[in-house]
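Student: This is the structure I have questions about; it appears just below.
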Amino acid sequence: MDRPFRPRARPPRGLVLPVPVDPAGVSGPTPGQARGPGWRRTTPRLYVPADTPTEPEQRILEQAQRLPPEGAVGGWASLRLHGVAYVAAPDLPVPLLVPPPRRLRELPGGVVRREELSSREVVRRHGVPCVEPVRAAVDEAARAADLRAAIVQLDMVLAAGVTTHSALASYAARSRGRGAWQVRTALLLVDGRSLSPAESWLRTVWVLDAQLPRPLCNWPVLDAAGRYVGKADLLCPALATRGEYDGAEHRRADRRGIDLDRDDRFAAVGLEGFTVVGRDRHDVGKVVARMHAAVERARVSGRPRTWRLAVDPGPP
């Protein structure tokens, strides 16, 4: 049994379009109702019922009502509307792209970016004008805190299937300015078979910090008879070593038993392993040491290596 990570977001349902005050109380709240607990103000002069969920797509829809006709949402918000699951966070402001000479006042919940914007780059998703995934992904990676964060972000875009590596590379090659080098470097290290930000982070530590050969992600391993053994978050065939990132779901008793059975199958075919958990992310040095220890165990174990890789890995 492999992990049920879903990099592709489910289509949003039940989005509520903000409405202005209606003195008659037909198409919107009356002035008195708007001041009461039954309604929530989203942006100036617009409201939704107070019990409207504040899911990422709802927040994006609310902020998008402020856009001028030539504007669009960008960055993580555009990616989310295109179906990328692992990009949203409750405290992230919605990027609102406004082409010069237009101006838009900065308000809570959104961040205004005055950027050139071609109509060819704008599409509508769930009723919201947003830039195409390629531009959104490159812009977001360029603004990432560091190279590691850019790799993780681009991994999740590719895993969601909203664009391709070649399309990203082509767009990035034409990009200039802040963050362009970071994007182009990150694209040399991305892997769309990574299924969660934690798996991508683990791979960046393996490559950037432990300085070990680039691994495979979620690649099926078979035994000598061609029977399925499992998929590892990280697998380095040259070093006969695999790595796993165990999140909270692995602490369940039923899941722990499944993991132990899989560990036994990997060991039986000669693959050495290591495991990283959430609290280890605060100590990269400890993670690197654990990786090197696993590589050394594989080197001296003397166990027969009877595993082989599936020729066609299929979906991750």
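Residue numbering restarts at 1 for every chain of the structure tokens, chains are lettered A, B, ... in their displayed order, and ligands are numbered from 1 as they appear.
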I want to know what sits within 12 Å of Trp201 in chain A, based on only C-alpha atoms, with residues of the same chain fewer than 2 positions away left out; could you give that as a PyMOL selection string?
Tutor: chain A and resi 147-156+189-191+194-199+203-209+217+233-234+243-245+276-278+280-281+284+287
Student: Skipping near chain neighbours, those fewer than 4 positions away, what residues fall within 8 Å of range 55-66 of chain A using only C-alpha atoms, listed as an mmCIF file with all heavy atoms, in the first residue's frame?
Tutor:
data_model
loop_
_atom_site.group_PDB
_atom_site.id
_atom_site.type_symbol
_atom_site.label_atom_id
_atom_site.label_comp_id
_atom_site.auth_asym_id
_atom_site.auth_seq_id
_atom_site.Cartn_x
_atom_site.Cartn_y
_atom_site.Cartn_z
ATOM 1 N N PRO A 12 -13.170 23.047 -6.647
ATOM 2 C CA PRO A 12 -13.932 23.644 -5.539
ATOM 3 C C PRO A 12 -15.434 23.562 -5.796
ATOM 4 O O PRO A 12 -15.892 23.618 -6.940
ATOM 5 C CB PRO A 12 -13.453 25.099 -5.534
ATOM 6 C CG PRO A 12 -13.035 25.357 -6.946
ATOM 7 C CD PRO A 12 -12.450 24.054 -7.438
ATOM 8 N N LEU A 15 -18.627 27.702 -4.052
ATOM 9 C CA LEU A 15 -18.061 29.040 -3.930
ATOM 10 C C LEU A 15 -19.187 30.073 -3.892
ATOM 11 O O LEU A 15 -20.184 29.953 -4.606
ATOM 12 C CB LEU A 15 -17.126 29.339 -5.101
ATOM 13 C CG LEU A 15 -15.862 28.470 -5.208
ATOM 14 C CD1 LEU A 15 -15.032 28.881 -6.417
ATOM 15 C CD2 LEU A 15 -15.036 28.556 -3.944
ATOM 16 N N VAL A 16 -19.007 31.090 -3.062
ATOM 17 C CA VAL A 16 -20.039 32.107 -2.864
ATOM 18 C C VAL A 16 -19.526 33.438 -3.387
ATOM 19 O O VAL A 16 -18.516 33.959 -2.909
ATOM 20 C CB VAL A 16 -20.414 32.233 -1.377
ATOM 21 C CG1 VAL A 16 -21.471 33.320 -1.180
ATOM 22 C CG2 VAL A 16 -20.896 30.897 -0.835
ATOM 23 N N LEU A 17 -20.225 33.993 -4.368
ATOM 24 C CA LEU A 17 -19.821 35.268 -4.949
ATOM 25 C C LEU A 17 -20.212 36.402 -4.003
ATOM 26 O O LEU A 17 -21.377 36.511 -3.606
ATOM 27 C CB LEU A 17 -20.502 35.459 -6.302
ATOM 28 C CG LEU A 17 -20.087 36.700 -7.098
ATOM 29 C CD1 LEU A 17 -18.639 36.548 -7.566
ATOM 30 C CD2 LEU A 17 -21.023 36.898 -8.284
ATOM 31 N N PRO A 18 -19.269 37.258 -3.629
ATOM 32 C CA PRO A 18 -19.615 38.398 -2.769
ATOM 33 C C PRO A 18 -20.619 39.326 -3.453
ATOM 34 O O PRO A 18 -20.590 39.504 -4.674
ATOM 35 C CB PRO A 18 -18.271 39.099 -2.560
ATOM 36 C CG PRO A 18 -17.242 38.030 -2.796
ATOM 37 C CD PRO A 18 -17.822 37.162 -3.879
ATOM 38 N N THR A 42 -15.940 41.049 2.771
ATOM 39 C CA THR A 42 -14.772 40.449 2.117
ATOM 40 C C THR A 42 -13.790 41.508 1.650
ATOM 41 O O THR A 42 -12.588 41.393 1.874
ATOM 42 C CB THR A 42 -15.216 39.604 0.909
ATOM 43 O OG1 THR A 42 -15.935 40.439 -0.014
ATOM 44 C CG2 THR A 42 -16.115 38.460 1.353
ATOM 45 N N THR A 43 -14.306 42.514 0.993
ATOM 46 C CA THR A 43 -13.548 43.665 0.509
ATOM 47 C C THR A 43 -14.502 44.847 0.580
ATOM 48 O O THR A 43 -15.703 44.658 0.857
ATOM 49 C CB THR A 43 -13.065 43.454 -0.946
ATOM 50 O OG1 THR A 43 -14.172 43.074 -1.766
ATOM 51 C CG2 THR A 43 -11.995 42.374 -1.027
ATOM 52 N N ALA A 72 -5.566 40.197 -13.174
ATOM 53 C CA ALA A 72 -5.722 38.751 -12.955
ATOM 54 C C ALA A 72 -5.046 38.384 -11.649
ATOM 55 O O ALA A 72 -4.172 39.109 -11.162
ATOM 56 C CB ALA A 72 -5.105 37.959 -14.106
ATOM 57 N N VAL A 73 -5.426 37.258 -11.089
ATOM 58 C CA VAL A 73 -4.693 36.738 -9.939
ATOM 59 C C VAL A 73 -3.496 35.958 -10.469
ATOM 60 O O VAL A 73 -3.533 35.395 -11.562
ATOM 61 C CB VAL A 73 -5.564 35.863 -9.010
ATOM 62 C CG1 VAL A 73 -6.752 36.649 -8.471
ATOM 63 C CG2 VAL A 73 -6.034 34.617 -9.720
ATOM 64 N N ALA A 77 -2.105 31.660 -6.050
ATOM 65 C CA ALA A 77 -3.552 31.668 -6.194
ATOM 66 C C ALA A 77 -3.962 31.155 -7.573
ATOM 67 O O ALA A 77 -4.917 30.379 -7.708
ATOM 68 C CB ALA A 77 -4.091 33.076 -5.965
ATOM 69 N N ARG A 80 -3.446 27.394 -7.627
ATOM 70 C CA ARG A 80 -4.501 26.679 -6.914
ATOM 71 C C ARG A 80 -5.759 26.554 -7.770
ATOM 72 O O ARG A 80 -6.394 25.487 -7.834
ATOM 73 C CB ARG A 80 -4.821 27.412 -5.617
ATOM 74 C CG ARG A 80 -5.913 26.737 -4.785
ATOM 75 C CD ARG A 80 -5.432 25.449 -4.167
ATOM 76 N NE ARG A 80 -6.483 24.801 -3.395
ATOM 77 C CZ ARG A 80 -6.270 23.976 -2.376
ATOM 78 N NH1 ARG A 80 -5.031 23.693 -2.028
ATOM 79 N NH2 ARG A 80 -7.269 23.433 -1.727
ATOM 80 N N LEU A 81 -6.125 27.622 -8.457
ATOM 81 C CA LEU A 81 -7.304 27.560 -9.308
ATOM 82 C C LEU A 81 -7.104 26.611 -10.485
ATOM 83 O O LEU A 81 -8.067 26.037 -11.000
ATOM 84 C CB LEU A 81 -7.664 28.953 -9.819
ATOM 85 C CG LEU A 81 -8.148 29.950 -8.762
ATOM 86 C CD1 LEU A 81 -8.458 31.292 -9.399
ATOM 87 C CD2 LEU A 81 -9.376 29.427 -8.016
ATOM 88 N N ALA A 88 -1.285 26.384 -1.228
ATOM 89 C CA ALA A 88 -2.044 27.344 -0.433
ATOM 90 C C ALA A 88 -1.688 27.249 1.041
ATOM 91 O O ALA A 88 -1.284 26.201 1.540
ATOM 92 C CB ALA A 88 -3.538 27.121 -0.620
ATOM 93 N N ALA A 89 -1.840 28.369 1.740
ATOM 94 C CA ALA A 89 -1.699 28.420 3.192
ATOM 95 C C ALA A 89 -2.647 29.495 3.700
ATOM 96 O O ALA A 89 -2.922 30.475 2.991
ATOM 97 C CB ALA A 89 -0.261 28.739 3.595
ATOM 98 N N PRO A 90 -3.162 29.340 4.928
ATOM 99 C CA PRO A 90 -4.176 30.284 5.417
ATOM 100 C C PRO A 90 -3.723 31.734 5.458
ATOM 101 O O PRO A 90 -4.544 32.642 5.349
ATOM 102 C CB PRO A 90 -4.466 29.757 6.833
ATOM 103 C CG PRO A 90 -4.077 28.319 6.803
ATOM 104 C CD PRO A 90 -2.914 28.245 5.869
ATOM 105 N N VAL A 94 -3.442 36.936 -1.422
ATOM 106 C CA VAL A 94 -3.717 36.604 -2.823
ATOM 107 C C VAL A 94 -3.000 37.610 -3.728
ATOM 108 O O VAL A 94 -3.227 38.816 -3.612
ATOM 109 C CB VAL A 94 -5.228 36.641 -3.101
ATOM 110 C CG1 VAL A 94 -5.513 36.402 -4.581
ATOM 111 C CG2 VAL A 94 -5.950 35.604 -2.246
ATOM 112 N N LEU A 96 -2.544 39.934 -6.651
ATOM 113 C CA LEU A 96 -3.412 40.603 -7.605
ATOM 114 C C LEU A 96 -2.534 41.344 -8.603
ATOM 115 O O LEU A 96 -1.847 42.302 -8.253
ATOM 116 C CB LEU A 96 -4.342 41.585 -6.878
ATOM 117 C CG LEU A 96 -5.236 40.966 -5.788
ATOM 118 C CD1 LEU A 96 -5.974 42.060 -5.025
ATOM 119 C CD2 LEU A 96 -6.227 39.975 -6.390
ATOM 120 N N GLY A 109 -5.408 40.729 2.995
ATOM 121 C CA GLY A 109 -5.866 39.562 2.252
ATOM 122 C C GLY A 109 -5.347 39.478 0.841
ATOM 123 O O GLY A 109 -5.463 38.434 0.194
ATOM 124 N N GLY A 110 -4.775 40.573 0.334
ATOM 125 C CA GLY A 110 -4.245 40.568 -1.024
ATOM 126 C C GLY A 110 -2.931 41.325 -1.087
ATOM 127 O O GLY A 110 -2.630 42.136 -0.213
ATOM 128 N N GLY A 127 -14.515 31.073 -12.567
ATOM 129 C CA GLY A 127 -15.045 32.429 -12.585
ATOM 130 C C GLY A 127 -14.046 33.514 -12.268
ATOM 131 O O GLY A 127 -14.428 34.686 -12.174
ATOM 132 N N VAL A 128 -12.786 33.165 -12.134
ATOM 133 C CA VAL A 128 -11.766 34.143 -11.743
ATOM 134 C C VAL A 128 -10.733 34.281 -12.860
ATOM 135 O O VAL A 128 -10.220 33.268 -13.359
ATOM 136 C CB VAL A 128 -11.052 33.696 -10.445
ATOM 137 C CG1 VAL A 128 -9.924 34.656 -10.083
ATOM 138 C CG2 VAL A 128 -12.061 33.607 -9.295
ATOM 139 N N PRO A 129 -10.382 35.507 -13.277
ATOM 140 C CA PRO A 129 -9.294 35.666 -14.244
ATOM 141 C C PRO A 129 -7.956 35.378 -13.574
ATOM 142 O O PRO A 129 -7.643 35.928 -12.518
ATOM 143 C CB PRO A 129 -9.400 37.141 -14.657
ATOM 144 C CG PRO A 129 -10.060 37.818 -13.504
ATOM 145 C CD PRO A 129 -10.982 36.800 -12.892
#
Student: I'd like to know which residues of range 31-112 of chain A are strand (DSSP E or B) (by DSSP, run on the backbone); could you write them as a list in words?
Tutor: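 For range 31-112 of chain A, the strand (DSSP E or B) set is Trp39, Arg40, Arg41, Thr42, Thr43, Leu46, Tyr47, Val48, Pro49, Ala72, Val73, Val84, Val94, Pro95, Leu96, Leu97, Val98, Gly110, Val111 and Val112 of chain A.
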Student: Would you export the selected residues with all heavy atoms as a short mmCIF file (atom, residue, chain, number, x, y, z; two decimals), in the first residue's frame, please?
Tutor:
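See selection.cif below for the written result:
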data_model
loop_
_atom_site.label_atom_id
_atom_site.label_comp_id
_atom_site.auth_asym_id
_atom_site.auth_seq_id
_atom_site.Cartn_x
_atom_site.Cartn_y
_atom_site.Cartn_z
N TRP A 39 -23.34 38.43 8.35
CA TRP A 39 -22.61 38.67 7.10
C TRP A 39 -21.16 39.02 7.40
O TRP A 39 -20.85 39.60 8.44
CB TRP A 39 -23.27 39.79 6.30
CG TRP A 39 -24.59 39.39 5.73
CD1 TRP A 39 -25.80 39.36 6.39
CD2 TRP A 39 -24.84 38.91 4.41
NE1 TRP A 39 -26.79 38.91 5.57
CE2 TRP A 39 -26.23 38.63 4.33
CE3 TRP A 39 -24.06 38.71 3.28
CZ2 TRP A 39 -26.84 38.14 3.18
CZ3 TRP A 39 -24.65 38.24 2.12
CH2 TRP A 39 -26.03 37.96 2.07
N ARG A 40 -20.30 38.66 6.46
CA ARG A 40 -18.86 38.97 6.59
C ARG A 40 -18.44 39.84 5.41
O ARG A 40 -18.71 39.50 4.26
CB ARG A 40 -18.05 37.67 6.60
CG ARG A 40 -16.54 37.87 6.51
CD ARG A 40 -15.79 36.57 6.73
NE ARG A 40 -16.10 35.54 5.75
CZ ARG A 40 -15.53 35.46 4.54
NH1 ARG A 40 -14.65 36.38 4.15
NH2 ARG A 40 -15.85 34.47 3.72
N ARG A 41 -17.77 40.96 5.72
CA ARG A 41 -17.28 41.81 4.65
C ARG A 41 -16.01 41.20 4.07
O ARG A 41 -15.08 40.86 4.81
CB ARG A 41 -16.98 43.22 5.15
CG ARG A 41 -16.76 44.21 4.00
CD ARG A 41 -16.47 45.60 4.52
NE ARG A 41 -15.05 45.73 4.86
CZ ARG A 41 -14.37 46.87 4.79
NH1 ARG A 41 -14.97 47.98 4.40
NH2 ARG A 41 -13.11 46.91 5.16
N THR A 42 -15.94 41.05 2.77
CA THR A 42 -14.77 40.45 2.12
C THR A 42 -13.79 41.51 1.65
O THR A 42 -12.59 41.39 1.87
CB THR A 42 -15.22 39.60 0.91
OG1 THR A 42 -15.93 40.44 -0.01
CG2 THR A 42 -16.12 38.46 1.35
N THR A 43 -14.31 42.51 0.99
CA THR A 43 -13.55 43.67 0.51
C THR A 43 -14.50 44.85 0.58
O THR A 43 -15.70 44.66 0.86
CB THR A 43 -13.07 43.45 -0.95
OG1 THR A 43 -14.17 43.07 -1.77
CG2 THR A 43 -11.99 42.37 -1.03
N LEU A 46 -18.48 44.76 -0.34
CA LEU A 46 -18.91 43.42 -0.75
C LEU A 46 -18.97 42.49 0.46
O LEU A 46 -18.09 42.56 1.35
CB LEU A 46 -17.99 42.85 -1.81
CG LEU A 46 -18.02 43.54 -3.18
CD1 LEU A 46 -16.99 42.92 -4.11
CD2 LEU A 46 -19.42 43.47 -3.80
N TYR A 47 -19.95 41.57 0.44
CA TYR A 47 -20.21 40.73 1.60
C TYR A 47 -20.56 39.30 1.17
O TYR A 47 -21.07 39.07 0.07
CB TYR A 47 -21.38 41.29 2.43
CG TYR A 47 -21.13 42.67 2.96
CD1 TYR A 47 -21.35 43.79 2.15
CD2 TYR A 47 -20.68 42.88 4.26
CE1 TYR A 47 -21.13 45.08 2.63
CE2 TYR A 47 -20.46 44.16 4.74
CZ TYR A 47 -20.67 45.25 3.93
OH TYR A 47 -20.45 46.52 4.40
N VAL A 48 -20.32 38.36 2.10
CA VAL A 48 -20.81 36.99 1.96
C VAL A 48 -21.43 36.59 3.28
O VAL A 48 -21.12 37.18 4.33
CB VAL A 48 -19.68 36.00 1.59
CG1 VAL A 48 -19.11 36.29 0.21
CG2 VAL A 48 -18.58 36.01 2.65
N PRO A 49 -22.32 35.59 3.30
CA PRO A 49 -22.85 35.12 4.57
C PRO A 49 -21.72 34.71 5.52
O PRO A 49 -20.68 34.19 5.09
CB PRO A 49 -23.70 33.91 4.17
CG PRO A 49 -24.13 34.23 2.77
CD PRO A 49 -22.95 34.92 2.14
N ALA A 72 -5.57 40.20 -13.17
CA ALA A 72 -5.72 38.75 -12.95
C ALA A 72 -5.05 38.38 -11.65
O ALA A 72 -4.17 39.11 -11.16
CB ALA A 72 -5.10 37.96 -14.11
N VAL A 73 -5.43 37.26 -11.09
CA VAL A 73 -4.69 36.74 -9.94
C VAL A 73 -3.50 35.96 -10.47
O VAL A 73 -3.53 35.39 -11.56
CB VAL A 73 -5.56 35.86 -9.01
CG1 VAL A 73 -6.75 36.65 -8.47
CG2 VAL A 73 -6.03 34.62 -9.72
N VAL A 84 -3.43 22.89 -8.49
CA VAL A 84 -2.25 22.48 -7.72
C VAL A 84 -2.61 22.47 -6.24
O VAL A 84 -2.94 23.52 -5.67
CB VAL A 84 -1.05 23.40 -7.98
CG1 VAL A 84 0.18 22.90 -7.23
CG2 VAL A 84 -0.75 23.48 -9.48
N VAL A 94 -3.44 36.94 -1.42
CA VAL A 94 -3.72 36.60 -2.82
C VAL A 94 -3.00 37.61 -3.73
O VAL A 94 -3.23 38.82 -3.61
CB VAL A 94 -5.23 36.64 -3.10
CG1 VAL A 94 -5.51 36.40 -4.58
CG2 VAL A 94 -5.95 35.60 -2.25
N PRO A 95 -2.11 37.14 -4.64
CA PRO A 95 -1.44 38.07 -5.55
C PRO A 95 -2.42 38.61 -6.59
O PRO A 95 -3.04 37.85 -7.33
CB PRO A 95 -0.36 37.20 -6.21
CG PRO A 95 -0.24 35.99 -5.36
CD PRO A 95 -1.60 35.77 -4.79
N LEU A 96 -2.54 39.93 -6.65
CA LEU A 96 -3.41 40.60 -7.60
C LEU A 96 -2.53 41.34 -8.60
O LEU A 96 -1.85 42.30 -8.25
CB LEU A 96 -4.34 41.59 -6.88
CG LEU A 96 -5.24 40.97 -5.79
CD1 LEU A 96 -5.97 42.06 -5.03
CD2 LEU A 96 -6.23 39.97 -6.39
N LEU A 97 -2.52 40.87 -9.85
CA LEU A 97 -1.67 41.46 -10.88
C LEU A 97 -2.44 42.57 -11.60
O LEU A 97 -3.54 42.33 -12.12
CB LEU A 97 -1.22 40.40 -11.88
CG LEU A 97 -0.56 39.14 -11.30
CD1 LEU A 97 0.02 38.29 -12.42
CD2 LEU A 97 0.51 39.49 -10.28
N VAL A 98 -1.82 43.74 -11.63
CA VAL A 98 -2.47 44.91 -12.23
C VAL A 98 -1.49 45.54 -13.21
O VAL A 98 -0.41 45.99 -12.81
CB VAL A 98 -2.85 45.94 -11.14
CG1 VAL A 98 -3.53 47.15 -11.78
CG2 VAL A 98 -3.76 45.30 -10.10
N GLY A 110 -4.77 40.57 0.33
CA GLY A 110 -4.24 40.57 -1.02
C GLY A 110 -2.93 41.32 -1.09
O GLY A 110 -2.63 42.14 -0.21
N VAL A 111 -2.15 41.02 -2.12
CA VAL A 111 -0.92 41.77 -2.36
C VAL A 111 -0.94 42.22 -3.82
O VAL A 111 -1.16 41.40 -4.72
CB VAL A 111 0.34 40.93 -2.05
CG1 VAL A 111 0.37 39.63 -2.83
CG2 VAL A 111 1.60 41.73 -2.30
N VAL A 112 -0.77 43.51 -4.05
CA VAL A 112 -0.87 44.07 -5.39
C VAL A 112 0.50 44.08 -6.05
O VAL A 112 1.48 44.54 -5.48
CB VAL A 112 -1.44 45.50 -5.34
CG1 VAL A 112 -1.50 46.10 -6.74
CG2 VAL A 112 -2.82 45.50 -4.69
#
Student: Please determine, counting only C-alpha atoms, which residue among A:Arg176, A:Arg303, A:Lys286, A:Arg8 has the shortest atom-to-atom distance to Ala85 in chain A.
Tutor: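 Distance minimum relative to Ala85 in chain A lands on A:Arg8.
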Student: Rounded to one decimal, what separation in Å do you get between CA of Pro7 in chain A and CA of Cys130 in chain A?
Tutor: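 One can read the CA of Pro7 in chain A to CA of Cys130 in chain A distance as 19.8 Å.
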Student: To one decimal in Å, tell me the separation between CA of Val295 in chain A and CA of Gly273 in chain A.
Tutor: 8.3 Å
Student: Separation of CA of Pro20 in chain A and CA of Leu107 in chain A, in Å?
Tutor: 17.8 Å
Student: I'd like to know which residues of range 6-211 of chain A are alpha helix (DSSP H) (by DSSP, run on the backbone); could you write them as a PyMOL selection string?
Tutor: chain A and resi 31-35+56-64+75-82+133-142+147-160+165-174+180-187+197-204
Student: Name the closest residue to Arg178 in chain A among the candidates A:Ala142, A:Leu117, A:Val162, A:Leu216; distances are taken between atoms, counting only C-alpha atoms.
Tutor: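 With only C-alpha atoms as the atom set, the closest residue is A:Ala142.
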Student: Pick out the closest residue to Val138 in chain A from this set: A:Thr54, A:Ser119, A:Ser301, A:Ser175. Count only C-alpha atoms.
Tutor: A:Ser175
Student: Name the residues in contact with Val221 in chain A at a cut-off of 10 Å, using only C-alpha atoms, excluding same-chain residues fewer than 4 positions from it; report them as a PyMOL selection string.
Tutor: chain A and resi 226-232+235+266+269+271+307-311+313
Student: Can you spit out the residues from that selection as a tab-separated table (two decimals), in the first residue's frame, using N, CA and C atoms?
Tutor:
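Dumped to selection_29.tsv:
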chain	number	residue	atom	x	y	z
A	226	GLY	N	10.12	-10.52	-10.52
A	226	GLY	CA	9.23	-9.55	-11.12
A	226	GLY	C	8.04	-9.17	-10.28
A	227	ARG	N	8.04	-9.59	-9.00
A	227	ARG	CA	6.93	-9.24	-8.12
A	227	ARG	C	7.14	-7.84	-7.54
A	228	TYR	N	6.04	-7.13	-7.36
A	228	TYR	CA	6.10	-5.76	-6.84
A	228	TYR	C	6.54	-5.77	-5.38
A	229	VAL	N	7.54	-4.94	-5.07
A	229	VAL	CA	8.03	-4.80	-3.70
A	229	VAL	C	7.47	-3.54	-3.06
A	230	GLY	N	7.54	-2.43	-3.77
A	230	GLY	CA	7.02	-1.18	-3.24
A	230	GLY	C	7.63	0.01	-3.94
A	231	LYS	N	7.22	1.20	-3.51
A	231	LYS	CA	7.80	2.45	-3.98
A	231	LYS	C	8.39	3.18	-2.79
A	232	ALA	N	9.56	3.76	-2.99
A	232	ALA	CA	10.18	4.56	-1.94
A	232	ALA	C	10.07	6.04	-2.29
A	235	LEU	N	14.92	6.92	-3.89
A	235	LEU	CA	15.64	5.69	-4.17
A	235	LEU	C	16.89	6.01	-5.00
A	266	PHE	N	11.72	-4.56	1.28
A	266	PHE	CA	12.86	-3.85	0.71
A	266	PHE	C	14.18	-4.47	1.20
A	269	VAL	N	15.31	-7.71	-0.54
A	269	VAL	CA	15.89	-7.65	-1.88
A	269	VAL	C	17.19	-6.84	-1.90
A	271	LEU	N	17.91	-3.65	-0.34
A	271	LEU	CA	17.88	-2.19	-0.30
A	271	LEU	C	17.93	-1.71	1.15
A	307	TRP	N	16.93	-6.83	-6.19
A	307	TRP	CA	15.89	-5.92	-6.65
A	307	TRP	C	16.20	-5.42	-8.06
A	308	ARG	N	15.16	-4.95	-8.72
A	308	ARG	CA	15.33	-4.27	-9.99
A	308	ARG	C	14.22	-3.25	-10.15
A	309	LEU	N	14.45	-2.30	-11.03
A	309	LEU	CA	13.48	-1.24	-11.26
A	309	LEU	C	12.48	-1.63	-12.33
A	310	ALA	N	11.24	-1.22	-12.14
A	310	ALA	CA	10.24	-1.38	-13.19
A	310	ALA	C	10.65	-0.56	-14.41
A	311	VAL	N	10.52	-1.15	-15.59
A	311	VAL	CA	10.89	-0.43	-16.81
A	311	VAL	C	9.94	0.74	-17.05
A	313	PRO	N	7.46	3.02	-15.09
A	313	PRO	CA	7.03	3.28	-13.71
A	313	PRO	C	5.56	3.60	-13.57
